[in-house]
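Peer 1: Starting off with a structure, shown below.
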Amino acid sequence: MAITRRWFLLAAAGAAFGLAHVTDAAAQPAQKVPAPVMLAEVYHPGVALDDYWVSEKYDGIRGYWDGKQLWTRSGERIAAPRWFTEALPAEPLDGELWAGRGRFSQTVSTVRSQPPSDTAWREIRFMVFDVPAQPGDFTARLAYLRKLLPITSVPWVVAVPQQRATTAEDLDALLEKTMKLGGEGLMLHRGASHYHAERSNDLLKVKAYDDAEARVVEHIGGRGKHGGRLGALLVEMPNGKRFKLGGGLTDAERENPPPVGTWVTYRYNGTNPSGVPRFARFLRVREDMDF
């Protein structure tokens, strides 16, 4: 299965209006196309675990290597140093750019840096969990990945360790161990699944709490002890539902709130009948959602 980049310029109208118009259109910015990656659903108790592989959920930035260049999930080119990628194989790799547990902000800062900082990139690992262009199911692709990596000349490119946890008790124990070590959660990947660039139950995320992303649409002023500064963020979920997000914000974040249009991550405990998150608390700005 060949997976290639599909980047193009919106210059179609130029053909009808002459060369000058084509030139003008070609000068326009390239349209950003999301990388063709698998996306995860949320694990719920009761899922049959027999055919799932389990790995740690790395809290970094999704990185898609197309064989020539690194891209973010949303289709932004990543300006990694040449030494970071020059020995990578000429085939797609799907993984996470990761600076370590609890260092998400450091990862974002490094990946955003222009020009790239060699010193900062020395702290980044490319945690590879799939080889999209390889045929066969995930178990077969995992066997191939384990032969492909590690590559001696690029020790910062790592095959993500995978193991089995075939019972809910095994999964709970592994999640507890991972959380105690400072990890964010687990990922479940169905062994029989073929690589497909969409969201499905073939890939599941397992966390000790629910979380999701929403976009800031308004700043709501505070009262009482929060008078004169932010009281809550009015945020909009991808499905269009809006709600106020006030819990979890630090004093610094209330004084200098995330700008309107910013994506943020919040924790919550289930949803009410209308679909709005219950007990939602601000977690952080999700800066990589802009990539």
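Following the order of the structure tokens, chains are lettered A, B, ..., residues in each are numbered from 1, and ligands are numbered from 1.
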Would you please extract all alpha helix (DSSP H) residues from segment 41-163 of chain A, as assigned by DSSP on the backbone, and give them as a PyMOL selection string?

Peer 2: chain A and resi 82-85+104-112+118-121+138-148

Peer 1: Per residue of segment 143-179 of chain A within 10 Å of segment 45-58 of chain A, what are the shortest atom pair and its distance in Å to one decimal, counting only C-alpha atoms, with rows by chain and residue number, as a Markdown table?

Peer 2:
| residue | atom | partner | partner_atom | distance |
| --- | --- | --- | --- | --- |
| A:Val160 | CA | A:Ser55 | CA | 7.1 |
| A:Pro161 | CA | A:Ser55 | CA | 6.2 |
| A:Gln162 | CA | A:Ser55 | CA | 4.9 |
| A:Gln163 | CA | A:Val54 | CA | 5.2 |
| A:Arg164 | CA | A:Trp53 | CA | 5.1 |
| A:Ala165 | CA | A:Val54 | CA | 6.7 |
| A:Thr166 | CA | A:Asp50 | CA | 4.8 |
| A:Thr167 | CA | A:Leu49 | CA | 6.3 |
| A:Ala168 | CA | A:Pro45 | CA | 7.5 |
| A:Asp170 | CA | A:Leu49 | CA | 9.9 |
| A:Leu171 | CA | A:Val54 | CA | 8.4 |
| A:Leu174 | CA | A:Val54 | CA | 9.1 |
| A:Leu175 | CA | A:Glu56 | CA | 8.5 |
| A:Thr178 | CA | A:Glu56 | CA | 7.2 |
| A:Met179 | CA | A:Glu56 | CA | 9.7 |

Peer 1: Keeping all heavy atoms for every residue in the selection just given, could you write it to a file as an mmCIF file, in the first residue's frame?

Peer 2:
data_model
loop_
_atom_site.group_PDB
_atom_site.id
_atom_site.type_symbol
_atom_site.label_atom_id
_atom_site.label_comp_id
_atom_site.auth_asym_id
_atom_site.auth_seq_id
_atom_site.Cartn_x
_atom_site.Cartn_y
_atom_site.Cartn_z
ATOM 1 N N VAL A 160 8.578 1.521 19.525
ATOM 2 C CA VAL A 160 7.812 1.534 20.768
ATOM 3 C C VAL A 160 7.635 0.100 21.290
ATOM 4 O O VAL A 160 7.175 -0.780 20.557
ATOM 5 C CB VAL A 160 6.426 2.171 20.537
ATOM 6 C CG1 VAL A 160 5.518 1.960 21.742
ATOM 7 C CG2 VAL A 160 6.580 3.664 20.237
ATOM 8 N N PRO A 161 7.999 -0.156 22.556
ATOM 9 C CA PRO A 161 7.788 -1.493 23.128
ATOM 10 C C PRO A 161 6.297 -1.840 23.176
ATOM 11 O O PRO A 161 5.473 -1.022 23.581
ATOM 12 C CB PRO A 161 8.367 -1.361 24.548
ATOM 13 C CG PRO A 161 9.309 -0.202 24.473
ATOM 14 C CD PRO A 161 8.696 0.741 23.495
ATOM 15 N N GLN A 162 5.965 -3.041 22.744
ATOM 16 C CA GLN A 162 4.584 -3.526 22.741
ATOM 17 C C GLN A 162 4.517 -4.830 23.536
ATOM 18 O O GLN A 162 5.438 -5.644 23.480
ATOM 19 C CB GLN A 162 4.114 -3.783 21.308
ATOM 20 C CG GLN A 162 4.159 -2.583 20.376
ATOM 21 C CD GLN A 162 2.959 -1.670 20.504
ATOM 22 O OE1 GLN A 162 1.993 -1.988 21.204
ATOM 23 N NE2 GLN A 162 3.005 -0.532 19.833
ATOM 24 N N GLN A 163 3.436 -5.019 24.264
ATOM 25 C CA GLN A 163 3.245 -6.245 25.012
ATOM 26 C C GLN A 163 1.770 -6.607 25.026
ATOM 27 O O GLN A 163 0.930 -5.857 24.524
ATOM 28 C CB GLN A 163 3.763 -6.085 26.441
ATOM 29 C CG GLN A 163 3.004 -5.069 27.289
ATOM 30 C CD GLN A 163 3.633 -4.893 28.647
ATOM 31 O OE1 GLN A 163 4.593 -4.158 28.817
ATOM 32 N NE2 GLN A 163 3.085 -5.568 29.644
ATOM 33 N N ARG A 164 1.455 -7.753 25.583
ATOM 34 C CA ARG A 164 0.077 -8.196 25.683
ATOM 35 C C ARG A 164 -0.452 -7.954 27.102
ATOM 36 O O ARG A 164 0.295 -8.039 28.082
ATOM 37 C CB ARG A 164 -0.038 -9.682 25.357
ATOM 38 C CG ARG A 164 0.366 -10.046 23.936
ATOM 39 C CD ARG A 164 -0.663 -9.606 22.925
ATOM 40 N NE ARG A 164 -0.430 -10.242 21.619
ATOM 41 C CZ ARG A 164 -1.231 -10.085 20.572
ATOM 42 N NH1 ARG A 164 -2.299 -9.314 20.661
ATOM 43 N NH2 ARG A 164 -0.961 -10.689 19.427
ATOM 44 N N ALA A 165 -1.755 -7.659 27.200
ATOM 45 C CA ALA A 165 -2.460 -7.591 28.484
ATOM 46 C C ALA A 165 -3.868 -8.067 28.187
ATOM 47 O O ALA A 165 -4.738 -7.280 27.824
ATOM 48 C CB ALA A 165 -2.459 -6.170 29.038
ATOM 49 N N THR A 166 -4.081 -9.351 28.305
ATOM 50 C CA THR A 166 -5.294 -9.966 27.765
ATOM 51 C C THR A 166 -6.492 -9.945 28.713
ATOM 52 O O THR A 166 -7.589 -10.359 28.337
ATOM 53 C CB THR A 166 -5.019 -11.423 27.359
ATOM 54 O OG1 THR A 166 -4.510 -12.129 28.489
ATOM 55 C CG2 THR A 166 -4.005 -11.467 26.227
ATOM 56 N N THR A 167 -6.308 -9.440 29.931
ATOM 57 C CA THR A 167 -7.431 -9.332 30.855
ATOM 58 C C THR A 167 -7.537 -7.899 31.366
ATOM 59 O O THR A 167 -6.548 -7.141 31.347
ATOM 60 C CB THR A 167 -7.274 -10.268 32.068
ATOM 61 O OG1 THR A 167 -6.180 -9.806 32.883
ATOM 62 C CG2 THR A 167 -7.013 -11.694 31.612
ATOM 63 N N ALA A 168 -8.726 -7.530 31.846
ATOM 64 C CA ALA A 168 -8.917 -6.188 32.385
ATOM 65 C C ALA A 168 -8.015 -5.955 33.587
ATOM 66 O O ALA A 168 -7.506 -4.841 33.791
ATOM 67 C CB ALA A 168 -10.381 -6.001 32.769
ATOM 68 N N ASP A 170 -4.996 -7.275 34.078
ATOM 69 C CA ASP A 170 -3.646 -7.019 33.569
ATOM 70 C C ASP A 170 -3.525 -5.578 33.065
ATOM 71 O O ASP A 170 -2.522 -4.899 33.302
ATOM 72 C CB ASP A 170 -3.326 -7.979 32.417
ATOM 73 C CG ASP A 170 -3.106 -9.411 32.876
ATOM 74 O OD1 ASP A 170 -2.867 -9.607 34.082
ATOM 75 O OD2 ASP A 170 -3.190 -10.320 32.021
ATOM 76 N N LEU A 171 -4.557 -5.136 32.361
ATOM 77 C CA LEU A 171 -4.535 -3.789 31.803
ATOM 78 C C LEU A 171 -4.540 -2.740 32.912
ATOM 79 O O LEU A 171 -3.774 -1.766 32.860
ATOM 80 C CB LEU A 171 -5.739 -3.584 30.880
ATOM 81 C CG LEU A 171 -5.738 -2.300 30.045
ATOM 82 C CD1 LEU A 171 -4.595 -2.315 29.035
ATOM 83 C CD2 LEU A 171 -7.075 -2.124 29.323
ATOM 84 N N LEU A 174 -1.114 -2.578 34.521
ATOM 85 C CA LEU A 174 -0.136 -1.912 33.663
ATOM 86 C C LEU A 174 -0.388 -0.410 33.621
ATOM 87 O O LEU A 174 0.560 0.389 33.631
ATOM 88 C CB LEU A 174 -0.206 -2.501 32.247
ATOM 89 C CG LEU A 174 0.857 -2.052 31.252
ATOM 90 C CD1 LEU A 174 2.261 -2.293 31.805
ATOM 91 C CD2 LEU A 174 0.685 -2.777 29.923
ATOM 92 N N LEU A 175 -1.659 0.002 33.611
ATOM 93 C CA LEU A 175 -1.983 1.429 33.627
ATOM 94 C C LEU A 175 -1.511 2.067 34.930
ATOM 95 O O LEU A 175 -0.903 3.148 34.910
ATOM 96 C CB LEU A 175 -3.489 1.621 33.461
ATOM 97 C CG LEU A 175 -3.999 3.063 33.529
ATOM 98 C CD1 LEU A 175 -3.376 3.916 32.437
ATOM 99 C CD2 LEU A 175 -5.518 3.113 33.435
ATOM 100 N N THR A 178 2.240 2.461 34.863
ATOM 101 C CA THR A 178 2.646 3.529 33.943
ATOM 102 C C THR A 178 2.386 4.902 34.543
ATOM 103 O O THR A 178 3.227 5.810 34.445
ATOM 104 C CB THR A 178 1.894 3.389 32.608
ATOM 105 O OG1 THR A 178 2.161 2.103 32.044
ATOM 106 C CG2 THR A 178 2.320 4.469 31.626
ATOM 107 N N MET A 179 1.228 5.077 35.193
ATOM 108 C CA MET A 179 0.893 6.359 35.800
ATOM 109 C C MET A 179 1.847 6.686 36.952
ATOM 110 O O MET A 179 2.254 7.842 37.125
ATOM 111 C CB MET A 179 -0.549 6.346 36.301
ATOM 112 C CG MET A 179 -1.604 6.125 35.217
ATOM 113 S SD MET A 179 -1.682 7.444 33.980
ATOM 114 C CE MET A 179 -2.465 8.735 34.943
#

Peer 1: Between atom CA of Lys244 of chain A and atom CA of Ile220 of chain A, what is the distance, to one decimal in Å?

Peer 2: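 Atom-to-atom, atom CA of Lys244 of chain A to atom CA of Ile220 of chain A, that is 8.5 Å.
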
Peer 1: Which polymer residues have any atom within 12 Å of an atom of Thr250 of chain A, counting only C-alpha atoms, with same-chain residues fewer than 4 positions away left out, as a CSV table (one decimal) with N, CA and C atoms, in the first residue's frame?

Peer 2:
chain,number,residue,atom,x,y,z
A,226,HIS,N,-11.7,36.7,41.4
A,226,HIS,CA,-11.2,36.7,40.0
A,226,HIS,C,-11.7,38.0,39.3
A,229,ARG,N,-10.0,39.9,36.0
A,229,ARG,CA,-9.3,38.9,35.2
A,229,ARG,C,-10.2,37.8,34.7
A,230,LEU,N,-9.7,36.8,34.1
A,230,LEU,CA,-10.5,35.8,33.5
A,230,LEU,C,-11.2,35.0,34.6
A,231,GLY,N,-12.5,34.8,34.3
A,231,GLY,CA,-13.3,33.9,35.2
A,231,GLY,C,-13.4,32.5,34.6
A,232,ALA,N,-13.6,32.5,33.3
A,232,ALA,CA,-13.8,31.2,32.6
A,232,ALA,C,-13.6,31.3,31.1
A,246,GLY,N,-13.9,26.8,33.6
A,246,GLY,CA,-13.3,27.7,34.6
A,246,GLY,C,-12.4,27.0,35.6
A,254,ARG,N,-5.2,32.9,34.3
A,254,ARG,CA,-6.3,33.9,34.4
A,254,ARG,C,-5.8,35.3,34.0
A,255,GLU,N,-4.6,35.6,34.3
A,255,GLU,CA,-4.0,36.9,34.0
A,255,GLU,C,-3.7,37.0,32.5
A,256,ASN,N,-3.3,35.9,32.0
A,256,ASN,CA,-2.9,35.9,30.6
A,256,ASN,C,-3.5,34.7,29.9
A,257,PRO,N,-4.8,34.7,29.6
A,257,PRO,CA,-5.5,33.5,29.2
A,257,PRO,C,-5.2,33.1,27.7
A,258,PRO,N,-5.4,31.8,27.4
A,258,PRO,CA,-5.2,31.4,26.0
A,258,PRO,C,-6.0,32.2,25.1
A,281,ARG,N,-12.3,20.4,33.8
A,281,ARG,CA,-11.2,21.3,34.3
A,281,ARG,C,-10.1,21.5,33.3
A,282,PHE,N,-9.7,22.7,33.2
A,282,PHE,CA,-8.6,23.1,32.2
A,282,PHE,C,-7.4,22.3,32.5
A,283,LEU,N,-6.7,21.7,31.5
A,283,LEU,CA,-5.5,21.0,31.7
A,283,LEU,C,-4.3,21.7,31.2
A,284,ARG,N,-4.4,22.2,29.9
A,284,ARG,CA,-3.3,22.9,29.3
A,284,ARG,C,-3.7,23.4,27.9

Peer 1: Using only C-alpha atoms, which protein or nucleic acid residues come within 8 Å of Thr110 of chain A? Drop anything in the same chain fewer than 6 positions from it, and give the result as a list in words.

Peer 2: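 Contacts, in chain order: Pro116, Ser117, Ala120 and Trp121 of chain A.
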
Peer 1: Hey, which of A:Phe138, A:Val264, A:Glu41, A:Thr152 ends up closest to Ala87 of chain A? Count only C-alpha atoms.

Peer 2: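 Closest to Ala87 of chain A, using only C-alpha atoms: A:Thr152.
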
Peer 1: If you measure from atom CA of Val260 of chain A to atom CA of Ser74 of chain A, what distance in Å do you get, rounded to one decimal?

Peer 2: 19.6 Å

Peer 1: Can you pull out every residue from segment 89-130 of chain A that DSSP, working from the backbone, puts in strand (DSSP E or B), and format the result as a VMD selection string?

Peer 2: chain A and resid 93 to 98 125 to 130

Peer 1: Of the candidates A:Leu204, A:Val128, A:Leu148, A:Val42, which shows the shortest atom-to-atom distance to Asp94 of chain A, using only C-alpha atoms?

Peer 2: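 Residue with the minimum atom-to-atom distance to Asp94 of chain A: A:Val128.
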
Peer 1: Rounded to one decimal in Å, what is the spacing between atom CA of Tyr144 of chain A and atom CA of Glu86 of chain A?

Peer 2: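 Interatomic distance, atom CA of Tyr144 of chain A to atom CA of Glu86 of chain A: 20.7 Å.
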
Peer 1: Which is closest to Lys180 of chain A among A:Arg101, A:Ser109, A:Ile61, A:His194, if we use only C-alpha atoms?

Peer 2: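 Going through A:Arg101, A:Ser109, A:Ile61, A:His194 one by one, the smallest distance to Lys180 of chain A is for A:Arg101.
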